[in-house]
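Enquirer: Sharing run-v7.cif (mmCIF, C-alpha atoms) below.
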```
data_run
loop_
_atom_site.group_PDB
_atom_site.id
_atom_site.type_symbol
_atom_site.label_atom_id
_atom_site.label_comp_id
_atom_site.auth_asym_id
_atom_site.auth_seq_id
_atom_site.Cartn_x
_atom_site.Cartn_y
_atom_site.Cartn_z
ATOM 1 C CA MET D 4 -54.287 45.253 49.405
ATOM 2 C CA VAL D 5 -54.342 41.472 49.368
ATOM 3 C CA ARG D 6 -56.328 40.017 46.548
ATOM 4 C CA ARG D 7 -57.392 36.479 45.823
ATOM 5 C CA ALA D 8 -54.077 34.680 45.389
ATOM 6 C CA VAL D 9 -55.406 31.488 43.786
ATOM 7 C CA ALA D 10 -58.365 30.912 41.489
ATOM 8 C CA ARG D 11 -59.734 28.367 39.047
ATOM 9 C CA THR D 12 -60.283 28.650 35.327
ATOM 10 C CA ARG D 13 -63.658 27.731 33.822
ATOM 11 C CA ASN D 14 -62.207 24.286 33.174
ATOM 12 C CA GLY D 15 -61.241 23.884 36.824
ATOM 13 C CA HIS D 16 -57.486 24.395 36.507
ATOM 14 C CA ALA D 17 -55.831 26.089 39.473
ATOM 15 C CA ILE D 18 -53.992 29.317 38.681
ATOM 16 C CA ALA D 19 -51.854 31.552 40.879
ATOM 17 C CA ALA D 20 -51.818 35.317 40.965
ATOM 18 C CA ILE D 21 -48.314 36.804 40.918
ATOM 19 C CA GLY D 22 -47.110 40.237 41.993
ATOM 20 C CA ASP D 23 -49.677 43.026 42.110
ATOM 21 C CA ALA D 24 -52.369 40.597 40.973
ATOM 22 C CA ALA D 25 -51.965 38.921 44.397
ATOM 23 C CA VAL D 26 -50.770 41.754 46.657
ATOM 24 C CA SER D 27 -50.987 45.363 45.539
ATOM 25 C CA PHE D 28 -48.591 47.914 47.018
ATOM 26 C CA ASP D 29 -48.576 51.681 46.930
ATOM 27 C CA PRO D 30 -45.723 52.619 44.563
ATOM 28 C CA LEU D 31 -44.213 54.876 47.247
ATOM 29 C CA GLY D 32 -42.853 51.868 49.105
ATOM 30 C CA GLY D 33 -41.088 50.345 46.103
ATOM 31 C CA GLN D 34 -42.200 46.869 47.148
ATOM 32 C CA GLY D 35 -44.337 45.735 44.205
ATOM 33 C CA ALA D 36 -41.780 44.650 41.597
ATOM 34 C CA GLN D 37 -39.429 43.122 44.141
ATOM 35 C CA ASN D 38 -42.282 41.179 45.741
ATOM 36 C CA ALA D 39 -43.333 39.852 42.324
ATOM 37 C CA VAL D 40 -39.797 38.702 41.506
ATOM 38 C CA VAL D 41 -39.286 37.012 44.871
ATOM 39 C CA GLN D 42 -42.705 35.345 44.705
ATOM 40 C CA SER D 43 -42.025 34.091 41.170
ATOM 41 C CA VAL D 44 -38.563 32.719 41.955
ATOM 42 C CA LEU D 45 -39.766 30.901 45.059
ATOM 43 C CA LEU D 46 -42.765 29.461 43.222
ATOM 44 C CA ILE D 47 -40.510 28.216 40.416
ATOM 45 C CA ARG D 48 -38.198 26.599 42.968
ATOM 46 C CA ALA D 49 -41.148 24.929 44.687
ATOM 47 C CA LEU D 50 -42.469 23.669 41.329
ATOM 48 C CA LYS D 51 -39.092 22.107 40.525
ATOM 49 C CA GLU D 52 -39.297 20.060 43.738
ATOM 50 C CA TYR D 53 -43.002 19.209 43.503
ATOM 51 C CA LYS D 54 -43.700 15.976 41.639
ATOM 52 C CA ASP D 55 -47.515 15.798 41.787
ATOM 53 C CA ASN D 56 -50.208 17.701 39.907
ATOM 54 C CA VAL D 57 -50.453 21.327 40.919
ATOM 55 C CA THR D 58 -53.673 21.748 42.857
ATOM 56 C CA TYR D 59 -55.596 24.705 44.176
ATOM 57 C CA GLU D 60 -54.620 23.716 47.704
ATOM 58 C CA TRP D 61 -50.913 23.432 46.849
ATOM 59 C CA LEU D 62 -50.928 26.894 45.267
ATOM 60 C CA GLN D 63 -52.771 28.273 48.308
ATOM 61 C CA ASP D 64 -50.087 26.771 50.550
ATOM 62 C CA GLN D 65 -47.327 28.339 48.439
ATOM 63 C CA PHE D 66 -48.964 31.754 48.654
ATOM 64 C CA LYS D 67 -49.454 31.396 52.420
ATOM 65 C CA ARG D 68 -45.744 30.609 52.789
ATOM 66 C CA HIS D 69 -44.880 33.655 50.676
ATOM 67 C CA TRP D 70 -47.250 35.858 52.681
ATOM 68 C CA ASP D 71 -45.976 34.633 56.041
ATOM 69 C CA ASN D 72 -42.306 34.914 55.099
ATOM 70 C CA ARG D 73 -42.112 37.980 52.832
ATOM 71 C CA ALA D 74 -45.242 39.709 51.564
ATOM 72 C CA GLU D 75 -46.776 40.593 54.921
ATOM 73 C CA ALA D 76 -43.545 42.289 56.039
ATOM 74 C CA ALA D 77 -43.396 44.205 52.751
ATOM 75 C CA THR D 78 -46.932 45.509 53.312
ATOM 76 C CA GLU D 79 -45.947 46.647 56.806
ATOM 77 C CA VAL D 80 -42.914 48.539 55.439
ATOM 78 C CA THR D 81 -45.206 50.245 52.939
ATOM 79 C CA ARG D 82 -47.586 51.178 55.755
ATOM 80 C CA LEU D 83 -44.660 52.689 57.677
ATOM 81 C CA LEU D 84 -43.641 54.777 54.660
ATOM 82 C CA LEU D 85 -47.224 55.932 54.083
ATOM 83 C CA GLY D 86 -47.525 57.243 57.645
ATOM 84 C CA ASP D 87 -49.856 54.603 59.071
ATOM 85 C CA PRO D 88 -50.765 55.592 62.656
ATOM 86 C CA LYS D 89 -49.708 52.097 63.799
ATOM 87 C CA TYR D 90 -46.105 53.132 63.079
ATOM 88 C CA ALA D 91 -46.289 56.832 63.942
ATOM 89 C CA ALA D 92 -43.987 56.596 66.968
ATOM 90 C CA HIS D 93 -41.419 54.606 64.979
ATOM 91 C CA ALA D 94 -41.514 56.985 62.031
ATOM 92 C CA GLU D 95 -41.207 60.031 64.304
ATOM 93 C CA LEU D 96 -37.919 58.620 65.620
ATOM 94 C CA LEU D 97 -36.531 56.854 62.554
ATOM 95 C CA PHE D 98 -36.913 59.395 59.775
ATOM 96 C CA PRO D 99 -35.394 62.406 61.566
ATOM 97 C CA ALA D 100 -32.551 60.222 62.906
ATOM 98 C CA ALA D 101 -31.870 58.884 59.397
ATOM 99 C CA ALA D 102 -31.785 62.452 58.080
ATOM 100 C CA VAL D 103 -28.993 63.535 60.435
ATOM 101 C CA ASN D 104 -27.061 60.315 61.034
ATOM 102 C CA ALA D 105 -25.514 58.658 57.977
ATOM 103 C CA LYS D 106 -25.185 55.277 59.695
ATOM 104 C CA ILE D 107 -28.883 55.169 60.566
ATOM 105 C CA GLY D 108 -29.865 56.427 57.112
ATOM 106 C CA SER D 109 -27.639 53.857 55.417
ATOM 107 C CA ALA D 110 -28.945 51.025 57.595
ATOM 108 C CA PHE D 111 -32.552 51.983 56.817
ATOM 109 C CA PHE D 112 -31.818 52.333 53.099
ATOM 110 C CA ASP D 113 -30.011 48.972 53.064
ATOM 111 C CA PHE D 114 -32.958 47.378 54.865
ATOM 112 C CA LEU D 115 -35.394 48.662 52.233
ATOM 113 C CA LEU D 116 -33.312 48.280 49.091
ATOM 114 C CA GLY D 117 -30.823 45.564 49.933
ATOM 115 C CA ALA D 118 -29.361 43.571 47.064
ATOM 116 C CA THR D 119 -30.566 40.290 48.549
ATOM 117 C CA ALA D 120 -34.156 39.568 49.459
ATOM 118 C CA VAL D 121 -34.603 36.695 51.872
ATOM 119 C CA ALA D 122 -37.585 34.449 52.355
ATOM 120 C CA ARG D 123 -37.335 32.284 55.441
ATOM 121 C CA TYR D 124 -38.577 28.768 54.819
ATOM 122 C CA PRO D 125 -36.704 26.957 57.595
ATOM 123 C CA GLU D 126 -38.268 23.562 57.005
ATOM 124 C CA SER D 127 -36.817 23.373 53.487
ATOM 125 C CA GLY D 128 -33.217 23.469 54.710
ATOM 126 C CA GLU D 129 -32.476 25.432 51.550
ATOM 127 C CA ASP D 130 -30.912 28.840 51.152
ATOM 128 C CA ASN D 131 -33.832 30.852 49.797
ATOM 129 C CA ARG D 132 -32.010 34.090 49.123
ATOM 130 C CA VAL D 133 -32.813 35.678 45.807
ATOM 131 C CA ASN D 134 -29.788 37.668 44.637
ATOM 132 C CA PHE D 135 -30.613 40.737 42.573
ATOM 133 C CA GLY D 136 -26.973 41.649 41.967
ATOM 134 C CA SER D 137 -25.370 44.980 42.634
ATOM 135 C CA ARG D 138 -27.416 47.735 44.216
ATOM 136 C CA TRP D 139 -25.993 50.296 41.867
#
```
Starting from the coordinates I provided, produce the structure as structure tokens.

Expert:
Amino acid sequence: MVRRAVARTRNGHAIAAIGDAAVSFDPLGGQGAQNAVVQSVLLIRALKEYKDNVTYEWLQDQFKRHWDNRAEAATEVTRLLLGDPKYAAHAELLFPAAAVNAKIGSAFFDFLLGATAVARYPESGEDNRVNFGSRW
């Protein structure tokens, strides 16, 4: 569920929602905490580069970038894991294959729980990988 990602305080200050306050995931997919960490790191990086006052519009733009480059894909993975009919044909092939073929299972597991989450912001020219260290 996507919530309102940016709001204003009573005094008019722009504030950003982070993690489940912005995008709520079913816990089954394991996407919530990782999404919050990636969103926070990328927002902090953007704030370091931004020299003007933080505005509602700037925060909206940052959330849109996060949604387009990470959060939307995470919601789709969660939908796959929850059995969404949109992905029924994929799930019918992937899950049984992963159960009997270690290479397919490992590739799927690595895709979901990889040690490095990547947000693609090509215009920045910056490596936007967020390293979470060892998987184990």

Enquirer: Please write the residues picked by the PyMOL selection byres ((chain D and resi 81-93) around 9) on this file as a VMD selection string.

Expert: chain D and resid 28 to 34 76 to 80 94 to 98

Enquirer: Between D:Arg13, D:Val44, D:Ala74, D:Lys54, which one has atoms that come closest to Ala25 in chain D, using only C-alpha atoms?

Expert: D:Ala74

Enquirer: Have a look at CA of Val26 in chain D and CA of Gln42 in chain D and let me know their distance in Å, one decimal.

Expert: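 Taking CA of Val26 in chain D and CA of Gln42 in chain D, their separation equals 10.5 Å.
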
Enquirer: From the list D:Ala19, D:Ala24, D:Ile107, D:Ala39, which residue is nearest Gln65 in chain D when using only C-alpha atoms?

Expert: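 Result for the nearest residue to Gln65 in chain D: D:Ala19.
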
Enquirer: Which residue is closest to Arg68 in chain D? Choose from D:Ala110, D:Ala36, D:Ala8, D:Ala17 and count all atoms listed in the file.

Expert: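 Of D:Ala110, D:Ala36, D:Ala8, D:Ala17, the one nearest Arg68 in chain D is D:Ala8, counting all atoms listed in the file.
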
Enquirer: Kindly indicate which residue among D:Ala10, D:Ala105, D:Ala100, D:Ile18 lies nearest to Val57 in chain D, using all atoms listed in the file for the distances.

Expert: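 Among the listed residues, D:Ile18 lies closest to Val57 in chain D.
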
Enquirer: Would you compute the distance between CA of Leu45 in chain D and CA of His69 in chain D? Give it in Å to one decimal.

Expert: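 Spanning CA of Leu45 in chain D to CA of His69 in chain D is a straight-line distance of 8.1 Å.
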
Enquirer: So the first atom is CA of Trp70 in chain D and the second is CA of Thr12 in chain D; what is the distance between them in Å, to one decimal place?

Expert: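 Separation of CA of Trp70 in chain D and CA of Thr12 in chain D: 22.9 Å.
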
Enquirer: Ranking D:Leu50, D:Ala101, D:Ile21, D:Val9 by minimum distance to Asn38 in chain D and counting only C-alpha atoms, which one comes first?

Expert: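 Once distances to Asn38 in chain D are computed over only C-alpha atoms, the minimum belongs to D:Ile21.
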
Enquirer: With all heavy atoms as the target, complete range 94-105 of chain D and hand it back as a compact mmCIF listing (two decimals), keeping the file's coordinate frame.

Expert:
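Output file result.txt is given in full below:
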```
# COMPACT_ATOMS: atom_id res chain seq x y z
N ALA D 94 -41.87 56.06 63.10
CA ALA D 94 -41.51 56.98 62.03
C ALA D 94 -41.01 58.31 62.59
O ALA D 94 -40.07 58.90 62.06
CB ALA D 94 -42.71 57.21 61.11
N GLU D 95 -41.63 58.77 63.68
CA GLU D 95 -41.21 60.03 64.30
C GLU D 95 -39.77 59.97 64.80
O GLU D 95 -39.09 60.99 64.87
CB GLU D 95 -42.15 60.40 65.45
CG GLU D 95 -43.50 60.87 64.98
CD GLU D 95 -44.49 61.07 66.13
OE1 GLU D 95 -44.09 60.92 67.31
OE2 GLU D 95 -45.65 61.35 65.83
N LEU D 96 -39.31 58.79 65.17
CA LEU D 96 -37.92 58.62 65.62
C LEU D 96 -36.97 58.27 64.46
O LEU D 96 -35.86 58.80 64.38
CB LEU D 96 -37.84 57.52 66.68
CG LEU D 96 -38.61 57.79 67.98
CD1 LEU D 96 -38.62 56.54 68.84
CD2 LEU D 96 -37.99 58.96 68.72
N LEU D 97 -37.41 57.37 63.59
CA LEU D 97 -36.53 56.85 62.55
C LEU D 97 -36.19 57.88 61.48
O LEU D 97 -35.01 58.08 61.17
CB LEU D 97 -37.17 55.62 61.90
CG LEU D 97 -36.41 55.02 60.74
CD1 LEU D 97 -35.04 54.52 61.18
CD2 LEU D 97 -37.21 53.91 60.10
N PHE D 98 -37.18 58.52 60.91
CA PHE D 98 -36.91 59.40 59.78
C PHE D 98 -36.04 60.60 60.13
O PHE D 98 -35.08 60.88 59.41
CB PHE D 98 -38.22 59.81 59.09
CG PHE D 98 -38.96 58.66 58.46
CD1 PHE D 98 -40.32 58.54 58.59
CD2 PHE D 98 -38.29 57.67 57.75
CE1 PHE D 98 -41.01 57.48 58.01
CE2 PHE D 98 -38.95 56.60 57.18
CZ PHE D 98 -40.32 56.51 57.31
N PRO D 99 -36.31 61.31 61.21
CA PRO D 99 -35.39 62.41 61.57
C PRO D 99 -33.98 61.91 61.90
O PRO D 99 -32.99 62.54 61.53
CB PRO D 99 -36.04 63.05 62.79
CG PRO D 99 -37.47 62.66 62.72
CD PRO D 99 -37.48 61.31 62.08
N ALA D 100 -33.88 60.76 62.58
CA ALA D 100 -32.55 60.22 62.91
C ALA D 100 -31.80 59.85 61.63
O ALA D 100 -30.59 60.11 61.52
CB ALA D 100 -32.69 59.00 63.82
N ALA D 101 -32.51 59.26 60.66
CA ALA D 101 -31.87 58.88 59.40
C ALA D 101 -31.42 60.12 58.62
O ALA D 101 -30.42 60.07 57.90
CB ALA D 101 -32.83 58.05 58.56
N ALA D 102 -32.13 61.22 58.80
CA ALA D 102 -31.78 62.45 58.08
C ALA D 102 -30.50 63.09 58.60
O ALA D 102 -29.80 63.77 57.84
CB ALA D 102 -32.93 63.45 58.18
N VAL D 103 -30.17 62.87 59.86
CA VAL D 103 -28.99 63.54 60.44
C VAL D 103 -27.85 62.58 60.77
O VAL D 103 -26.75 63.02 61.08
CB VAL D 103 -29.36 64.34 61.70
CG1 VAL D 103 -30.35 65.45 61.36
CG2 VAL D 103 -29.90 63.44 62.80
N ASN D 104 -28.10 61.29 60.71
CA ASN D 104 -27.06 60.32 61.03
C ASN D 104 -26.90 59.36 59.86
O ASN D 104 -27.78 58.56 59.56
CB ASN D 104 -27.44 59.55 62.30
CG ASN D 104 -26.35 58.61 62.75
OD1 ASN D 104 -25.84 57.82 61.97
ND2 ASN D 104 -26.01 58.68 64.03
N ALA D 105 -25.74 59.45 59.19
CA ALA D 105 -25.51 58.66 57.98
C ALA D 105 -25.58 57.16 58.23
O ALA D 105 -26.05 56.40 57.38
CB ALA D 105 -24.16 59.02 57.36
```
